Amino acid sequence: MKRLTRSVIAAIAAASLTAVVAQEFDWRQQEGSSIRFMMNSHPFTTWLEPHVAEFEELTGIDVTLEVFPEDQFRQRRLLEVASGASTLDGYMFMPGQVGAQYGGANWVRPIDDLVADPGLTHPDLDLDDFFTGALDSFRTDAGLIGLPLQIESSLLFYRKDLLEEAGLDGPPSTSAELEEYASILHGDGIAGFAMRGQGAAATSQIVNLLYSFGGKWMNEDGSSALASEESQAALSYYANLLRNYGPPGPANFHWAQVLSLYGQGQVAMILDANVFRSNIEDPAQTLPEVAENTGYAVLPAGPAGSHPAVLVWGMVINHASENPEASWLFIQWALSKENQLSTLLSGVPAARESAWSAEEFTATAPADWNEASRESFNIGQPDWNPPVIPVPEVRDIYGQAIVTALQGGDVAAALEQAAQEIDRAVERTQ
């Protein structure tokens, strides 16, 4: 008989103890409760709805999901939360969109006390399993206010075959290399590089460069930081890159135009959301020679390093909920390791590291896309949108400066004007 080593015996003992603790966790402690969650019409909600019955059977808690298209969802959620409706227990939440507004008004219930309660928090919750960039999006001065359900980031999509033909060894790792590669690859009917340039729509991508050049949205005193030297350097770099090595008319590009140009073999490299891998792999949208030769890499490092922004959705508990304990059980279950893996396999970019490293998933995705995505999620900056209340207005203002830069205008003057307009917009909401 093979003898067991001490380490193996210890591992078995630890696993057995974990199993016992898990068995002792009382999922039915809130049996008979009823909770209501408001959800955005989103792929995660599509996954969740048919599984809710499993939670109800496990816990004895009755769950009502109210699902609305995004614009209607935001309006109805705002009305109920602001009114202090106690019948709303929880809702989907995007910190980068409404974090400043909801956090400033204390409309989200902090969950630190729930997390710290071993009777209410399952031993397998494992907060460390959530990507750092995702969980940090829910950390506020008031504490942890929720858990992430999905995370996205931007990646560099590039043509491996074109780089090889040009004698370039692997993808660019710095902003200087990206510009050099773009200049080399540009020509013969193929643009070197493309990314979004259509005003406000471009802000969610240029923010990657803003952070990587050492810039930020706002100063510590609450004023706009977009007129800083770092911000000017980022916007100048971006505009020069697209004007010199991009397709004509970059100020007209939204994500659809960028993906179409790349998919039809007209661009060598693009920067956009990692979730668009599915578009690149779709033969109806992408030429075979493009799909077969696409590589993926982390955002090239600027003077301040590589600091991609991350877009995160999550679930939170309403500040006025009369059933926070039952709501917390529901959130834990919905975002458990098992369910996050199931979510990821359904096409939703789950926020847990364990899901992305599971063999069931790694067998379905290109290794470089998986690796680059995971690295981006862990180093990502949570404020892909400005951390202010008037988010759409500030994005529009910054978008005007972006278009001015793409059209060859004075970058410093455009950003100075934008900063002044942003300060006035923010002041009006205080």
# chains A, B, ... in the order shown; residues from 1 in each chain; ligands from 1

call {"tool": "residues_around", "arguments": {"residues": "Gly199 of chain A", "least_positions_apart": "6", "cutoff": "6 Å", "atoms": "only C-alpha atoms", "output": "mmCIF file with all heavy atoms, in the first residue's frame"}}
result
data_model
loop_
_atom_site.group_PDB
_atom_site.id
_atom_site.type_symbol
_atom_site.label_atom_id
_atom_site.label_comp_id
_atom_site.auth_asym_id
_atom_site.auth_seq_id
_atom_site.Cartn_x
_atom_site.Cartn_y
_atom_site.Cartn_z
ATOM 1 N N GLY A 399 -15.460 64.243 -25.333
ATOM 2 C CA GLY A 399 -15.577 63.787 -26.713
ATOM 3 C C GLY A 399 -15.361 64.902 -27.712
ATOM 4 O O GLY A 399 -14.778 64.690 -28.791
ATOM 5 N N GLN A 400 -15.808 66.110 -27.376
ATOM 6 C CA GLN A 400 -15.597 67.257 -28.269
ATOM 7 C C GLN A 400 -14.110 67.564 -28.408
ATOM 8 O O GLN A 400 -13.627 67.885 -29.499
ATOM 9 C CB GLN A 400 -16.354 68.464 -27.724
ATOM 10 C CG GLN A 400 -17.869 68.326 -27.779
ATOM 11 C CD GLN A 400 -18.581 69.412 -26.986
ATOM 12 O OE1 GLN A 400 -17.979 70.389 -26.546
ATOM 13 N NE2 GLN A 400 -19.882 69.250 -26.790
ATOM 14 N N VAL A 403 -12.519 64.962 -30.765
ATOM 15 C CA VAL A 403 -12.772 65.255 -32.180
ATOM 16 C C VAL A 403 -11.900 66.413 -32.648
ATOM 17 O O VAL A 403 -11.337 66.396 -33.755
ATOM 18 C CB VAL A 403 -14.265 65.562 -32.404
ATOM 19 C CG1 VAL A 403 -14.502 66.077 -33.819
ATOM 20 C CG2 VAL A 403 -15.104 64.306 -32.152
#

call {"tool": "residues_around", "arguments": {"residues": "segment 54-57 of chain A", "least_positions_apart": "4", "cutoff": "8 Å", "atoms": "only C-alpha atoms", "output": "ChimeraX atom specification"}}
result
/A:61-63,330,333

call {"tool": "residues_around", "arguments": {"residues": "Phe131 of chain A", "least_positions_apart": "6", "cutoff": "7 Å", "atoms": "only C-alpha atoms", "output": "PyMOL selection string"}}
result
chain A and resi 351-353+377-378

call {"tool": "closest_residue", "arguments": {"among": "A:Lys216, A:Glu325, A:Phe44, A:Asp221", "to": "Ser342 of chain A", "atoms": "only C-alpha atoms"}}
result
A:Phe44

call {"tool": "residues_around", "arguments": {"residues": "segment 294-306 of chain A", "least_positions_apart": "6", "cutoff": "10 Å", "atoms": "only C-alpha atoms", "output": "JSON, numbers by chain"}}
result
{"A": [153, 154, 155, 156, 157, 158, 159, 160, 161, 162, 170, 171, 172, 173, 174, 175, 176, 177, 178, 208, 209, 210, 211, 212, 213, 214, 215, 230, 233, 234, 262, 263, 268, 269, 270, 271, 272, 274, 277, 280, 281, 366, 367, 368, 369, 370, 371, 372, 373, 374, 375, 376, 379, 380]}

call {"tool": "atom_distance", "arguments": {"atom1": "atom CA of Met218 of chain A", "atom2": "atom CA of Gly146 of chain A"}}
result
23.8 Å

call {"tool": "select_by_dssp", "arguments": {"residues": "segment 179-256 of chain A", "states": "alpha helix (DSSP H)", "output": "PyMOL selection string"}}
result
chain A and resi 179-185+203-212+229-245+255-256

call {"tool": "atom_distance", "arguments": {"atom1": "atom CA of Tyr245 of chain A", "atom2": "atom CA of Val394 of chain A"}}
result
28.2 Å

call {"tool": "select_by_dssp", "arguments": {"residues": "segment 48-169 of chain A", "states": "strand (DSSP E or B)", "output": "ChimeraX atom specification"}}
result
/A:62-68,90-93,108,130,139-140,143-144,146-159

call {"tool": "write_last_selection", "arguments": {"atoms": "N, CA and C atoms", "output": "compact mmCIF listing (two decimals), in the first residue's frame"}}
result
# COMPACT_ATOMS: atom_id res chain seq x y z
N ASP A 62 -38.45 33.25 -1.78
CA ASP A 62 -39.15 33.57 -3.03
C ASP A 62 -38.48 34.77 -3.68
N VAL A 63 -38.11 34.65 -4.96
CA VAL A 63 -37.40 35.72 -5.67
C VAL A 63 -38.23 36.23 -6.83
N THR A 64 -38.37 37.55 -6.89
CA THR A 64 -39.00 38.20 -8.04
C THR A 64 -37.93 39.01 -8.76
N LEU A 65 -37.72 38.69 -10.03
CA LEU A 65 -36.82 39.48 -10.86
C LEU A 65 -37.66 40.35 -11.79
N GLU A 66 -37.40 41.64 -11.76
CA GLU A 66 -38.06 42.56 -12.69
C GLU A 66 -37.00 43.03 -13.68
N VAL A 67 -37.21 42.73 -14.94
CA VAL A 67 -36.21 42.96 -15.97
C VAL A 67 -36.71 44.01 -16.96
N PHE A 68 -35.84 45.01 -17.23
CA PHE A 68 -36.21 46.10 -18.13
C PHE A 68 -35.06 46.40 -19.09
N GLY A 90 -32.74 44.66 -4.10
CA GLY A 90 -31.44 44.73 -4.73
C GLY A 90 -31.56 45.02 -6.21
N TYR A 91 -30.42 45.27 -6.83
CA TYR A 91 -30.47 45.62 -8.25
C TYR A 91 -29.08 45.48 -8.86
N MET A 92 -29.07 45.38 -10.19
CA MET A 92 -27.81 45.41 -10.93
C MET A 92 -27.25 46.82 -10.87
N PHE A 93 -25.93 46.89 -10.91
CA PHE A 93 -25.27 48.17 -10.63
C PHE A 93 -23.96 48.25 -11.40
N VAL A 108 -26.83 52.71 -1.66
CA VAL A 108 -26.40 51.32 -1.70
C VAL A 108 -25.97 50.90 -0.29
N PHE A 130 -12.29 37.04 -6.91
CA PHE A 130 -12.75 38.06 -7.86
C PHE A 130 -11.54 38.84 -8.37
N ARG A 139 -15.38 49.01 -3.96
CA ARG A 139 -14.82 49.51 -2.70
C ARG A 139 -14.99 51.03 -2.66
N THR A 140 -15.62 51.52 -1.61
CA THR A 140 -15.86 52.95 -1.45
C THR A 140 -15.43 53.38 -0.05
N GLY A 143 -17.18 51.47 2.49
CA GLY A 143 -16.88 50.05 2.57
C GLY A 143 -17.20 49.33 1.27
N LEU A 144 -17.24 48.02 1.31
CA LEU A 144 -17.59 47.21 0.15
C LEU A 144 -19.11 47.29 -0.05
N GLY A 146 -20.92 45.85 -2.81
CA GLY A 146 -21.52 44.83 -3.65
C GLY A 146 -20.47 43.89 -4.21
N LEU A 147 -20.90 42.98 -5.07
CA LEU A 147 -20.00 42.03 -5.71
C LEU A 147 -20.14 42.13 -7.23
N PRO A 148 -19.04 41.98 -7.95
CA PRO A 148 -19.08 42.06 -9.40
C PRO A 148 -19.60 40.78 -10.04
N LEU A 149 -20.31 40.93 -11.13
CA LEU A 149 -20.82 39.76 -11.86
C LEU A 149 -20.13 39.59 -13.21
N GLN A 150 -19.62 40.70 -13.78
CA GLN A 150 -18.90 40.60 -15.04
C GLN A 150 -17.87 41.70 -15.12
N ILE A 151 -16.87 41.49 -15.96
CA ILE A 151 -15.81 42.47 -16.16
C ILE A 151 -15.36 42.43 -17.61
N GLU A 152 -15.10 43.60 -18.16
CA GLU A 152 -14.56 43.72 -19.51
C GLU A 152 -13.37 44.66 -19.47
N SER A 153 -12.48 44.51 -20.43
CA SER A 153 -11.36 45.43 -20.57
C SER A 153 -10.99 45.51 -22.04
N SER A 154 -10.12 46.43 -22.35
CA SER A 154 -9.67 46.59 -23.74
C SER A 154 -8.39 45.81 -23.96
N LEU A 155 -8.27 45.26 -25.16
CA LEU A 155 -7.07 44.55 -25.57
C LEU A 155 -6.60 45.07 -26.92
N LEU A 156 -5.35 44.80 -27.21
CA LEU A 156 -4.83 45.06 -28.54
C LEU A 156 -5.10 43.83 -29.40
N PHE A 157 -5.85 44.01 -30.49
CA PHE A 157 -6.08 42.96 -31.49
C PHE A 157 -5.07 43.22 -32.61
N TYR A 158 -4.34 42.20 -33.03
CA TYR A 158 -3.33 42.46 -34.06
C TYR A 158 -3.21 41.26 -35.01
N ARG A 159 -2.76 41.56 -36.22
CA ARG A 159 -2.57 40.54 -37.25
C ARG A 159 -1.19 39.92 -37.11

call {"tool": "residues_around", "arguments": {"residues": "Leu345 of chain A", "least_positions_apart": "2", "cutoff": "9 Å", "atoms": "only C-alpha atoms", "output": "list in words"}}
result
Gln340, Leu341, Ser342, Thr343, Gly347, Val348, Pro349, Ala350, Ala355, Glu360, Phe361 and Thr364 of chain A

call {"tool": "residues_around", "arguments": {"residues": "Ala326 of chain A", "least_positions_apart": "3", "cutoff": "6 Å", "atoms": "only C-alpha atoms", "output": "list of chain:residue names"}}
result
A:Gln30, A:Asn323, A:Leu329

call {"tool": "write_last_selection", "arguments": {"atoms": "N, CA and C atoms", "output": "mmCIF file, in the first residue's frame"}}
result
data_model
loop_
_atom_site.group_PDB
_atom_site.id
_atom_site.type_symbol
_atom_site.label_atom_id
_atom_site.label_comp_id
_atom_site.auth_asym_id
_atom_site.auth_seq_id
_atom_site.Cartn_x
_atom_site.Cartn_y
_atom_site.Cartn_z
ATOM 1 N N GLN A 30 -33.314 31.944 5.986
ATOM 2 C CA GLN A 30 -34.282 32.999 5.665
ATOM 3 C C GLN A 30 -35.513 32.420 4.953
ATOM 4 N N ASN A 323 -34.946 43.228 3.728
ATOM 5 C CA ASN A 323 -34.481 41.832 3.708
ATOM 6 C C ASN A 323 -33.023 41.738 3.270
ATOM 7 N N LEU A 329 -27.816 36.376 0.666
ATOM 8 C CA LEU A 329 -27.762 34.966 0.284
ATOM 9 C C LEU A 329 -27.949 34.813 -1.228
#

call {"tool": "decode", "arguments": {"residues": "segment 249-296 of chain A", "atoms": "C-alpha atoms", "output": "PDB file, in the first residue's frame"}}
result
ATOM      1  CA  GLY A 249     -12.126  59.897 -41.056  1.00  0.00           C
ATOM      2  CA  PRO A 250     -11.322  58.533 -37.566  1.00  0.00           C
ATOM      3  CA  ALA A 251     -13.721  60.988 -35.905  1.00  0.00           C
ATOM      4  CA  ASN A 252     -16.559  58.939 -37.437  1.00  0.00           C
ATOM      5  CA  PHE A 253     -15.494  55.615 -35.909  1.00  0.00           C
ATOM      6  CA  HIS A 254     -17.567  53.849 -33.261  1.00  0.00           C
ATOM      7  CA  TRP A 255     -16.759  50.251 -32.274  1.00  0.00           C
ATOM      8  CA  ALA A 256     -18.762  48.839 -35.186  1.00  0.00           C
ATOM      9  CA  GLN A 257     -16.707  50.736 -37.749  1.00  0.00           C
ATOM     10  CA  VAL A 258     -13.413  49.783 -36.086  1.00  0.00           C
ATOM     11  CA  LEU A 259     -14.320  46.086 -36.007  1.00  0.00           C
ATOM     12  CA  SER A 260     -15.593  46.136 -39.576  1.00  0.00           C
ATOM     13  CA  LEU A 261     -12.401  47.701 -40.923  1.00  0.00           C
ATOM     14  CA  TYR A 262     -10.284  45.195 -39.036  1.00  0.00           C
ATOM     15  CA  GLY A 263     -12.475  42.231 -39.954  1.00  0.00           C
ATOM     16  CA  GLN A 264     -12.264  43.083 -43.639  1.00  0.00           C
ATOM     17  CA  GLY A 265      -8.477  43.192 -43.553  1.00  0.00           C
ATOM     18  CA  GLN A 266      -8.133  46.974 -43.844  1.00  0.00           C
ATOM     19  CA  VAL A 267      -6.358  47.551 -40.493  1.00  0.00           C
ATOM     20  CA  ALA A 268      -3.362  45.759 -38.944  1.00  0.00           C
ATOM     21  CA  MET A 269      -4.063  46.555 -35.247  1.00  0.00           C
ATOM     22  CA  ILE A 270      -6.961  47.869 -33.192  1.00  0.00           C
ATOM     23  CA  LEU A 271      -7.644  48.606 -29.532  1.00  0.00           C
ATOM     24  CA  ASP A 272     -11.126  47.772 -28.239  1.00  0.00           C
ATOM     25  CA  ALA A 273     -13.112  45.665 -25.776  1.00  0.00           C
ATOM     26  CA  ASN A 274     -11.981  42.079 -25.280  1.00  0.00           C
ATOM     27  CA  VAL A 275     -15.571  40.833 -25.625  1.00  0.00           C
ATOM     28  CA  PHE A 276     -15.389  41.544 -29.352  1.00  0.00           C
ATOM     29  CA  ARG A 277     -13.399  38.346 -29.856  1.00  0.00           C
ATOM     30  CA  SER A 278     -16.726  36.744 -30.760  1.00  0.00           C
ATOM     31  CA  ASN A 279     -17.139  39.251 -33.601  1.00  0.00           C
ATOM     32  CA  ILE A 280     -13.648  38.529 -34.880  1.00  0.00           C
ATOM     33  CA  GLU A 281     -14.378  34.801 -34.877  1.00  0.00           C
ATOM     34  CA  ASP A 282     -17.702  35.230 -36.684  1.00  0.00           C
ATOM     35  CA  PRO A 283     -17.252  34.276 -40.360  1.00  0.00           C
ATOM     36  CA  ALA A 284     -20.157  36.546 -41.270  1.00  0.00           C
ATOM     37  CA  GLN A 285     -18.187  39.554 -40.011  1.00  0.00           C
ATOM     38  CA  THR A 286     -14.538  38.627 -40.488  1.00  0.00           C
ATOM     39  CA  LEU A 287     -12.450  37.320 -43.359  1.00  0.00           C
ATOM     40  CA  PRO A 288     -10.907  33.877 -42.715  1.00  0.00           C
ATOM     41  CA  GLU A 289      -7.350  35.157 -43.062  1.00  0.00           C
ATOM     42  CA  VAL A 290      -8.060  37.799 -40.396  1.00  0.00           C
ATOM     43  CA  ALA A 291      -9.781  35.471 -37.918  1.00  0.00           C
ATOM     44  CA  GLU A 292      -7.104  32.811 -38.252  1.00  0.00           C
ATOM     45  CA  ASN A 293      -4.245  35.254 -37.717  1.00  0.00           C
ATOM     46  CA  THR A 294      -5.562  37.480 -34.941  1.00  0.00           C
ATOM     47  CA  GLY A 295      -3.491  37.730 -31.794  1.00  0.00           C
ATOM     48  CA  TYR A 296      -4.384  39.455 -28.509  1.00  0.00           C
TER      49      TYR A 296
END
